[in-house]
Amino acid sequence: MAITYDEAKRLFCLTTRNTEYQIKINDIGIPVHAYYGRRIGGSDMSRQLAQADRGFSGNPYECRLDRGLSLDTMPQEYTGANVGDMRVSALELSGIGGSMSCDLRYAGHDIRHGKYTLKGLPYVREKSGAGDKTDTLEITLTDTIAQIEVRLLYGVFEDKDVITRTALIRNTGTEKIVLNKAASMCIDFPYADLDLIHFHGRHCMERQFERTAIGHDCISVGSRRGMSSHHNNPFVILADRNTTENCGDAYGFMLMYSGNHRAETEKDFLDSTRLVMGINDANFCWHLEPGEEFTAPEVIMTYTREGLNRLSGNYHRIIRENVIDGKYFDIKRSVLINNWEATYFDFNTEKILRLADEAHALGIDMLVLDDGWFGKRNDDNTGLGDWFVNEEKLPGGLKVIADEVNKRGMKFGLWFEPEMVNEDSELYRAHPDWALADPGRKPMLSRNQMVLDMSREDVRDYLFDSISRVLGSANIEYVKWDFNRSVANFFSHKLPAERQGELGHRFVLGTYELLDRLLKAFPKLMIEGCAGGGGRFDAGMLFYCPQIWTSDNTDPIARLKIQSGTSYGYPPCTMGAHVSASPNHQTRRGTDINTRSIVAQSGTFGYELDLSSISDEDKNEIRKQIDDFRKYDKLTRNGDYYRLNGSGSGDGFTCWEFVSTDRNEALVSIVVTDTEANAKFPYVRLRGLDEDSIYSIEGTDTEFTGAALMYGGFVFGELMLSDRYYKDEYPSMQVHFVRKDI
Ligand code: GLA
């Protein structure tokens, strides 16, 4: 059992292979956060949390004579508000008589084998079959005056160094309670001096690494866009000031949620740092009738003392094995051609089948028909919501195309944007009240589209029926599920006035429900997530969609930063990545087809360009690239991934490595981003190899020990001395190391 409870000390100890997490129930029933870090053998760390009278930090009534004890200075697991802890709180409410006070005290606990699940929300699942060692701790807190109960859930994945957390909040009284904030978790670090690492961005430049020293007062990163957003990912790292890619303490917190979110850090007057994470309280309030319960989304936490690469590795493993549906774990990925950057809206059946022919001749095995096949959609101003085929463009419907594509031995996939509607659509004309808009106010438009009210059952039923009809009309094995604007005008025509603050969350629950329903109805279907590129790249979506389109920016040089930023939390096998045209359509930058391919091969590989316009030489390269991708498929899908030179290193190149889990092979890729005259040779140290084994570079008799490659390092002399270095502006290469003594 990974969870123990010492009755005498009232101490819970959650232990994983390398980490330990302690919670102490103190004398007045507060769940004190006593410790999170490397394993320390169960020593009661709450002893280290001595308190003193600090002045202006008041005392709970029952310890008014013991002035040292204050909620304001106590590290805690979950906090109410308005009762003496002046830091950011996890739970804020308006309760009986309008009281905003909430003072949560221990009422009991339960320890059980296996990992809890959540209803209606994604969660980290126990691996089926051989399985993980998982346990659950449930601590019940109550406030008998506010008549509220909070159950804190902890799921311990012993072998994976992961602990999940969430909170279930229930009205145990007889009067309505309004939750104004209902975070998933709170944690305090009394002695650490920490940096906050988070991933900000914008459309076409998602998940940029930013590291900030946490000073006094609050830093808040989040989204109010109704989606997890391009702008701030629901994932943060707290790291020691000296932590690097390869050593030092790092704590990760990833919210498994696709809507408005917020992570708040606050360093208080005693230099203790608090993190509160959960649904963003902006535009949020939730009514709890007597007996009703609110479930906060889950947070995936991990800790390592081995730096950011290891932290990422922990996330990659848990996402691959426990977040993504197990049925996708060991399937080979299809190399796809997507027609978006090849044709945009300008296509018909003939053009698409020509693209299929060209793709087939190169060895591509899936064709994805993107935006523009439905309604009257010939540009991005009309048709969203009308999920029936535009027979003028595609006579005979999708079946004609799917059958022809299948005849060539390829699969067929299709684009949808279910949660959206255009004003100029049959759907909107029939149901204007299905779009989010305040009464009497014109809604904000973005890409000239509105957002459907996913909290409504009739909207979800319409989407389920119309999408199912299309999916049933032809052999469609893959769906790209898009979401092309931020949400505003959070107002539902169906919800009562006092429940409008629930819309943001009900919207997300509605999307999850629709995804779940469609996947159950079409069990062979694979859905790729997308939101104007990577605007909804989060663990919530990954629960349903094993891969997500990483960015609308397909320029490989820009992608290096985007994919590297994404890799801190998410494994490469989840990142949609395509080879597109040169010059690139977003940046106008020209790059060699092999550089484009090396970058795209570190994701779910595919092509997105007009194949009829490229040279025979490039076509031959594409054939080789596809062979390479298939050869390395398992290694890049399930192998361990390392960033060999850190974010913003200023090295002038980016280098990364995949190592197979049995350490028998490694694939190292490098792209030089700043070519210089008389340049230094790029140099890196490999990671994850077996020290004592001999590795050779495939196709040569050059041999090294694993130790030599990891501690002595590797120099890309061959690249620098090759003709390519002088031919390409962004020279790149892959080196495949193979273990010899096996
Ligand atoms: C979004 C997607 C693109 C493409 C377009 C179609 O921007 O990210 O890949 O599907 O929509 O409108």
# chains A, B, ... in the order shown; residues from 1 in each chain; ligands from 1
>>> closest_atom_pairs(of="chain A", to="ligand 1", cutoff="8 Å", atoms="only C-alpha atoms and all ligand atoms", output="CSV")
residue,atom,partner,partner_atom_place_in_ligand_line,distance
A:Trp340,CA,ligand 1,4 (C),6.0
A:Tyr344,CA,ligand 1,6 (C),7.6
A:Asp370,CA,ligand 1,10 (O),5.6
A:Asp371,CA,ligand 1,6 (C),4.7
A:Gly372,CA,ligand 1,12 (O),7.7
A:Asp380,CA,ligand 1,12 (O),6.7
A:Trp415,CA,ligand 1,10 (O),6.9
A:Lys480,CA,ligand 1,10 (O),7.7
A:Asp482,CA,ligand 1,2 (C),6.3
A:Phe483,CA,ligand 1,1 (C),7.3
A:Asn484,CA,ligand 1,1 (C),6.0
A:Cys530,CA,ligand 1,8 (O),5.8
A:Ala531,CA,ligand 1,8 (O),5.6
A:Gly532,CA,ligand 1,8 (O),3.6
A:Gly533,CA,ligand 1,8 (O),3.7
A:Gly534,CA,ligand 1,8 (O),7.3
A:Trp549,CA,ligand 1,8 (O),6.8
A:Ser551,CA,ligand 1,8 (O),6.7
A:Asp552,CA,ligand 1,8 (O),5.1
>>> write_last_selection(atoms="N, CA, C and O atoms", output="PDB file, in the first residue's frame")
ATOM      1  N   TRP A 340      -5.627  20.716 -46.223  1.00  0.00           N
ATOM      2  CA  TRP A 340      -5.819  22.129 -45.874  1.00  0.00           C
ATOM      3  C   TRP A 340      -4.802  23.031 -46.573  1.00  0.00           C
ATOM      4  O   TRP A 340      -5.140  23.857 -47.403  1.00  0.00           O
ATOM      5  N   TYR A 344      -6.767  24.594 -49.391  1.00  0.00           N
ATOM      6  CA  TYR A 344      -7.681  25.418 -48.588  1.00  0.00           C
ATOM      7  C   TYR A 344      -9.119  25.084 -49.019  1.00  0.00           C
ATOM      8  O   TYR A 344      -9.434  23.897 -49.127  1.00  0.00           O
ATOM      9  N   ASP A 370     -10.187  18.263 -45.036  1.00  0.00           N
ATOM     10  CA  ASP A 370     -10.308  19.316 -44.019  1.00  0.00           C
ATOM     11  C   ASP A 370     -11.541  20.177 -44.278  1.00  0.00           C
ATOM     12  O   ASP A 370     -12.468  19.784 -44.997  1.00  0.00           O
ATOM     13  N   ASP A 371     -11.539  21.340 -43.723  1.00  0.00           N
ATOM     14  CA  ASP A 371     -12.659  22.289 -43.760  1.00  0.00           C
ATOM     15  C   ASP A 371     -13.168  22.534 -45.183  1.00  0.00           C
ATOM     16  O   ASP A 371     -12.381  22.669 -46.117  1.00  0.00           O
ATOM     17  N   GLY A 372     -14.520  22.616 -45.322  1.00  0.00           N
ATOM     18  CA  GLY A 372     -15.089  23.056 -46.601  1.00  0.00           C
ATOM     19  C   GLY A 372     -15.912  22.008 -47.326  1.00  0.00           C
ATOM     20  O   GLY A 372     -16.373  22.260 -48.433  1.00  0.00           O
ATOM     21  N   ASP A 380     -14.524  30.949 -45.002  1.00  0.00           N
ATOM     22  CA  ASP A 380     -14.768  30.742 -43.569  1.00  0.00           C
ATOM     23  C   ASP A 380     -15.841  31.676 -43.000  1.00  0.00           C
ATOM     24  O   ASP A 380     -15.843  31.969 -41.811  1.00  0.00           O
ATOM     25  N   TRP A 415     -12.769  16.452 -41.270  1.00  0.00           N
ATOM     26  CA  TRP A 415     -12.716  17.607 -40.351  1.00  0.00           C
ATOM     27  C   TRP A 415     -14.126  18.000 -39.888  1.00  0.00           C
ATOM     28  O   TRP A 415     -15.065  18.015 -40.665  1.00  0.00           O
ATOM     29  N   LYS A 480     -10.867  15.048 -37.361  1.00  0.00           N
ATOM     30  CA  LYS A 480     -10.114  16.178 -36.798  1.00  0.00           C
ATOM     31  C   LYS A 480     -11.162  17.128 -36.217  1.00  0.00           C
ATOM     32  O   LYS A 480     -11.999  17.653 -36.950  1.00  0.00           O
ATOM     33  N   ASP A 482     -12.122  20.424 -34.566  1.00  0.00           N
ATOM     34  CA  ASP A 482     -11.539  21.766 -34.455  1.00  0.00           C
ATOM     35  C   ASP A 482     -12.371  22.674 -33.537  1.00  0.00           C
ATOM     36  O   ASP A 482     -13.509  22.355 -33.167  1.00  0.00           O
ATOM     37  N   PHE A 483     -11.823  23.810 -33.207  1.00  0.00           N
ATOM     38  CA  PHE A 483     -12.460  24.782 -32.307  1.00  0.00           C
ATOM     39  C   PHE A 483     -11.744  26.098 -32.555  1.00  0.00           C
ATOM     40  O   PHE A 483     -10.668  26.332 -32.010  1.00  0.00           O
ATOM     41  N   ASN A 484     -12.345  26.942 -33.418  1.00  0.00           N
ATOM     42  CA  ASN A 484     -11.554  28.022 -33.993  1.00  0.00           C
ATOM     43  C   ASN A 484     -11.796  29.419 -33.453  1.00  0.00           C
ATOM     44  O   ASN A 484     -11.649  30.401 -34.177  1.00  0.00           O
ATOM     45  N   CYS A 530      -8.011  19.653 -31.990  1.00  0.00           N
ATOM     46  CA  CYS A 530      -7.450  20.804 -32.704  1.00  0.00           C
ATOM     47  C   CYS A 530      -8.225  22.025 -32.240  1.00  0.00           C
ATOM     48  O   CYS A 530      -9.409  21.924 -31.924  1.00  0.00           O
ATOM     49  N   ALA A 531      -7.594  23.160 -32.173  1.00  0.00           N
ATOM     50  CA  ALA A 531      -8.323  24.396 -31.884  1.00  0.00           C
ATOM     51  C   ALA A 531      -7.518  25.528 -32.509  1.00  0.00           C
ATOM     52  O   ALA A 531      -6.641  26.103 -31.863  1.00  0.00           O
ATOM     53  N   GLY A 532      -7.749  25.768 -33.791  1.00  0.00           N
ATOM     54  CA  GLY A 532      -6.935  26.751 -34.497  1.00  0.00           C
ATOM     55  C   GLY A 532      -5.471  26.418 -34.261  1.00  0.00           C
ATOM     56  O   GLY A 532      -4.695  27.252 -33.802  1.00  0.00           O
ATOM     57  N   GLY A 533      -5.110  25.165 -34.525  1.00  0.00           N
ATOM     58  CA  GLY A 533      -3.801  24.656 -34.113  1.00  0.00           C
ATOM     59  C   GLY A 533      -3.904  24.141 -32.699  1.00  0.00           C
ATOM     60  O   GLY A 533      -4.795  23.368 -32.364  1.00  0.00           O
ATOM     61  N   GLY A 534      -3.025  24.631 -31.812  1.00  0.00           N
ATOM     62  CA  GLY A 534      -2.914  24.027 -30.483  1.00  0.00           C
ATOM     63  C   GLY A 534      -3.574  24.813 -29.370  1.00  0.00           C
ATOM     64  O   GLY A 534      -3.007  24.943 -28.288  1.00  0.00           O
ATOM     65  N   TRP A 549      -3.539  18.525 -32.878  1.00  0.00           N
ATOM     66  CA  TRP A 549      -2.793  19.353 -33.834  1.00  0.00           C
ATOM     67  C   TRP A 549      -2.080  20.445 -33.027  1.00  0.00           C
ATOM     68  O   TRP A 549      -2.708  21.232 -32.335  1.00  0.00           O
ATOM     69  N   SER A 551      -0.053  23.093 -33.730  1.00  0.00           N
ATOM     70  CA  SER A 551      -0.051  24.517 -34.082  1.00  0.00           C
ATOM     71  C   SER A 551      -0.434  24.679 -35.536  1.00  0.00           C
ATOM     72  O   SER A 551      -0.110  23.811 -36.366  1.00  0.00           O
ATOM     73  N   ASP A 552      -1.076  25.795 -35.872  1.00  0.00           N
ATOM     74  CA  ASP A 552      -1.310  26.110 -37.283  1.00  0.00           C
ATOM     75  C   ASP A 552      -0.027  26.587 -37.948  1.00  0.00           C
ATOM     76  O   ASP A 552      -0.003  26.805 -39.150  1.00  0.00           O
TER      77      ASP A 552
END
>>> select_by_dssp(residues="segment 602-657 of chain A", states="strand (DSSP E or B)", output="list of chain:residue names")
A:Thr604, A:Phe605, A:Gly606, A:Tyr607, A:Glu608, A:Asp640, A:Tyr641, A:Tyr642, A:Arg643, A:Phe653, A:Thr654, A:Cys655, A:Trp656, A:Glu657
>>> closest_atom_pairs(of="segment 266-355 of chain A", to="segment 81-96 of chain A", cutoff="12 Å", atoms="only C-alpha atoms", output="tab-separated table")
residue	atom	partner	partner_atom	distance
A:Glu266	CA	A:Val88	CA	7.2
A:Lys267	CA	A:Arg87	CA	8.8
A:Asp268	CA	A:Arg87	CA	7.3
A:Phe269	CA	A:Arg87	CA	9.9
A:Leu270	CA	A:Arg87	CA	11.6
A:Ser272	CA	A:Arg87	CA	10.4
A:Thr273	CA	A:Arg87	CA	9.9
A:Arg274	CA	A:Val88	CA	7.9
A:Leu275	CA	A:Val88	CA	8.4
A:Val276	CA	A:Ala90	CA	6.2
A:Met277	CA	A:Ala90	CA	7.8
A:Gly278	CA	A:Ala90	CA	8.3
A:Ile279	CA	A:Ala90	CA	10.2
A:Asn280	CA	A:Ala90	CA	10.9
A:Asp281	CA	A:Glu92	CA	9.3
A:Phe284	CA	A:Glu92	CA	11.1
A:Cys285	CA	A:Leu93	CA	8.7
A:Trp286	CA	A:Leu93	CA	9.1
A:His287	CA	A:Ser94	CA	9.7
A:Leu288	CA	A:Gly95	CA	9.8
A:Glu289	CA	A:Gly95	CA	10.9
A:Pro290	CA	A:Gly95	CA	11.4
A:Phe294	CA	A:Leu91	CA	11.7
A:Ala296	CA	A:Leu91	CA	10.8
>>> select_by_dssp(residues="segment 410-527 of chain A", states="alpha helix (DSSP H)", output="ChimeraX atom specification")
/A:426-430,457-473,503-521
>>> residues_around(residues="Ala708 of chain A", least_positions_apart="2", cutoff="12 Å", atoms="only C-alpha atoms", output="PyMOL selection string")
chain A and resi 684-687+689-696+703-706+710-715
>>> atom_distance(atom1="atom CA of Gly383 of chain A", atom2="atom CA of Gly413 of chain A")
19.5 Å
